[in-house]
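Q: For reference, the structure I am asking about is given below.
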Amino acid sequence: MTETLGSTGEFGLIAAVTRGLSKSEDVLVGPGDDAAVVAVPDGRMVITTDLLVEGRHFRQDWSSA
């Protein structure tokens, strides 16, 4: 059976993308669901990214920009 993104899922994709990458001691919480925490000179910083897909996360006919 061929694996698809749908069958892999979000966390399976994250695991596949990050597999084999080394983790720096500055990475306090590695990549997970949309964010990571890294040490910076004056404390900690949350680094995040996300994606909104029309029809899955929002509908244009229900809300405007």
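Following the order of the structure tokens, first chain is A, next is B, and so on, with residues numbered from 1 inside each chain and ligands from 1 in the order they appear.
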Show me, as a PDB file with C-alpha atoms, in the first residue's frame, the residues that have an atom within 8 Å of segment 33-35 of chain A when counting only C-alpha atoms, minus same-chain residues fewer than 6 positions from it.
A:
```pdb
ATOM      1  CA  GLU A  10       0.623  15.770  10.605  1.00  0.00           C
ATOM      2  CA  PHE A  11       2.807  14.254  13.321  1.00  0.00           C
ATOM      3  CA  VAL A  46       8.854  30.297  20.797  1.00  0.00           C
ATOM      4  CA  ILE A  47       9.244  29.923  17.048  1.00  0.00           C
ATOM      5  CA  THR A  48       6.068  29.049  15.210  1.00  0.00           C
ATOM      6  CA  THR A  49       4.539  28.624  11.824  1.00  0.00           C
ATOM      7  CA  ASP A  50       1.126  27.517  10.695  1.00  0.00           C
TER       8      ASP A  50
END
```
Q: If you run DSSP on the backbone here, which positions in chain A get helix (DSSP H, G or I)? Please write them as a compact mmCIF listing (two decimals) with N, CA and C atoms, in the first residue's frame.
A:
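part31.txt was written with the following content:
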```txt
# COMPACT_ATOMS: atom_id res chain seq x y z
N LEU A 5 0.03 11.47 2.47
CA LEU A 5 0.08 12.44 3.56
C LEU A 5 -1.12 12.25 4.48
N GLY A 6 -2.26 11.93 3.88
CA GLY A 6 -3.46 11.69 4.69
C GLY A 6 -3.29 10.53 5.64
N SER A 7 -2.64 9.45 5.17
CA SER A 7 -2.45 8.28 6.04
C SER A 7 -1.29 8.49 7.02
N THR A 8 -0.31 9.33 6.64
CA THR A 8 0.82 9.62 7.51
C THR A 8 0.41 10.53 8.65
N GLY A 9 -0.37 11.55 8.34
CA GLY A 9 -0.83 12.51 9.33
C GLY A 9 0.21 13.58 9.62
N GLU A 10 -0.23 14.62 10.31
CA GLU A 10 0.62 15.77 10.61
C GLU A 10 1.85 15.38 11.42
N PHE A 11 1.67 14.60 12.47
CA PHE A 11 2.81 14.25 13.32
C PHE A 11 3.74 13.26 12.64
N GLY A 12 3.19 12.39 11.80
CA GLY A 12 4.03 11.49 11.03
C GLY A 12 4.89 12.26 10.04
N LEU A 13 4.32 13.30 9.43
CA LEU A 13 5.08 14.15 8.52
C LEU A 13 6.19 14.89 9.26
N ILE A 14 5.87 15.45 10.43
CA ILE A 14 6.89 16.14 11.23
C ILE A 14 8.02 15.18 11.57
N ALA A 15 7.68 13.96 11.97
CA ALA A 15 8.71 12.97 12.31
C ALA A 15 9.56 12.64 11.10
N ALA A 16 8.95 12.51 9.93
CA ALA A 16 9.70 12.18 8.72
C ALA A 16 10.63 13.32 8.31
N VAL A 17 10.16 14.55 8.43
CA VAL A 17 10.97 15.72 8.03
C VAL A 17 12.14 15.92 8.99
N THR A 18 11.92 15.67 10.27
CA THR A 18 12.97 15.94 11.27
C THR A 18 13.85 14.72 11.58
```
Q: Would you give me, as a PDB file with N, CA and C atoms, in the first residue's frame, the residues in chain A that DSSP reads as strand (DSSP E)?
A:
```
ATOM      1  N   VAL A  27      17.979  24.100  21.607  1.00  0.00           N
ATOM      2  CA  VAL A  27      16.590  23.723  21.336  1.00  0.00           C
ATOM      3  C   VAL A  27      16.030  23.084  22.603  1.00  0.00           C
ATOM      4  N   LEU A  28      15.140  23.810  23.275  1.00  0.00           N
ATOM      5  CA  LEU A  28      14.577  23.338  24.539  1.00  0.00           C
ATOM      6  C   LEU A  28      13.408  22.392  24.298  1.00  0.00           C
ATOM      7  N   VAL A  29      12.569  22.714  23.327  1.00  0.00           N
ATOM      8  CA  VAL A  29      11.455  21.864  22.912  1.00  0.00           C
ATOM      9  C   VAL A  29      11.504  21.821  21.398  1.00  0.00           C
ATOM     10  N   ALA A  35       5.166  24.622  16.657  1.00  0.00           N
ATOM     11  CA  ALA A  35       6.087  25.479  17.400  1.00  0.00           C
ATOM     12  C   ALA A  35       7.278  24.704  17.965  1.00  0.00           C
ATOM     13  N   ALA A  36       8.319  25.454  18.294  1.00  0.00           N
ATOM     14  CA  ALA A  36       9.495  24.940  18.997  1.00  0.00           C
ATOM     15  C   ALA A  36       9.939  26.034  19.961  1.00  0.00           C
ATOM     16  N   VAL A  37      10.666  25.651  21.003  1.00  0.00           N
ATOM     17  CA  VAL A  37      11.186  26.621  21.977  1.00  0.00           C
ATOM     18  C   VAL A  37      12.705  26.539  21.934  1.00  0.00           C
ATOM     19  N   VAL A  38      13.337  27.691  21.758  1.00  0.00           N
ATOM     20  CA  VAL A  38      14.796  27.745  21.712  1.00  0.00           C
ATOM     21  C   VAL A  38      15.314  28.738  22.737  1.00  0.00           C
ATOM     22  N   ALA A  39      16.527  28.474  23.231  1.00  0.00           N
ATOM     23  CA  ALA A  39      17.175  29.384  24.175  1.00  0.00           C
ATOM     24  C   ALA A  39      17.803  30.524  23.393  1.00  0.00           C
ATOM     25  N   VAL A  40      17.615  31.737  23.888  1.00  0.00           N
ATOM     26  CA  VAL A  40      18.238  32.931  23.316  1.00  0.00           C
ATOM     27  C   VAL A  40      18.956  33.661  24.451  1.00  0.00           C
ATOM     28  N   GLY A  43      16.748  34.733  27.367  1.00  0.00           N
ATOM     29  CA  GLY A  43      15.691  33.839  27.840  1.00  0.00           C
ATOM     30  C   GLY A  43      15.323  32.765  26.841  1.00  0.00           C
ATOM     31  N   ARG A  44      14.030  32.653  26.565  1.00  0.00           N
ATOM     32  CA  ARG A  44      13.515  31.647  25.637  1.00  0.00           C
ATOM     33  C   ARG A  44      12.656  32.314  24.581  1.00  0.00           C
ATOM     34  N   MET A  45      12.580  31.673  23.409  1.00  0.00           N
ATOM     35  CA  MET A  45      11.763  32.189  22.325  1.00  0.00           C
ATOM     36  C   MET A  45      10.970  31.035  21.722  1.00  0.00           C
ATOM     37  N   VAL A  46       9.680  31.269  21.495  1.00  0.00           N
ATOM     38  CA  VAL A  46       8.854  30.297  20.797  1.00  0.00           C
ATOM     39  C   VAL A  46       8.868  30.676  19.323  1.00  0.00           C
ATOM     40  N   ILE A  47       9.226  29.715  18.492  1.00  0.00           N
ATOM     41  CA  ILE A  47       9.244  29.923  17.048  1.00  0.00           C
ATOM     42  C   ILE A  47       8.107  29.097  16.481  1.00  0.00           C
ATOM     43  N   THR A  48       7.267  29.727  15.678  1.00  0.00           N
ATOM     44  CA  THR A  48       6.068  29.049  15.210  1.00  0.00           C
ATOM     45  C   THR A  48       5.784  29.332  13.746  1.00  0.00           C
TER      46      THR A  48
END
```
Q: Any idea what's packed within 12 Å of Ser64 of chain A, counting only C-alpha atoms, ignoring anything in its chain fewer than 5 positions away? Could you give it as an MDAnalysis selection string?
A: chainID A and resid 54 58:59
Q: Report, in Å with one decimal, the straight-line distance from atom CA of Arg19 of chain A to atom CA of Asp42 of chain A.
A: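 We find that atom CA of Arg19 of chain A and atom CA of Asp42 of chain A lie 29.5 Å from each other.
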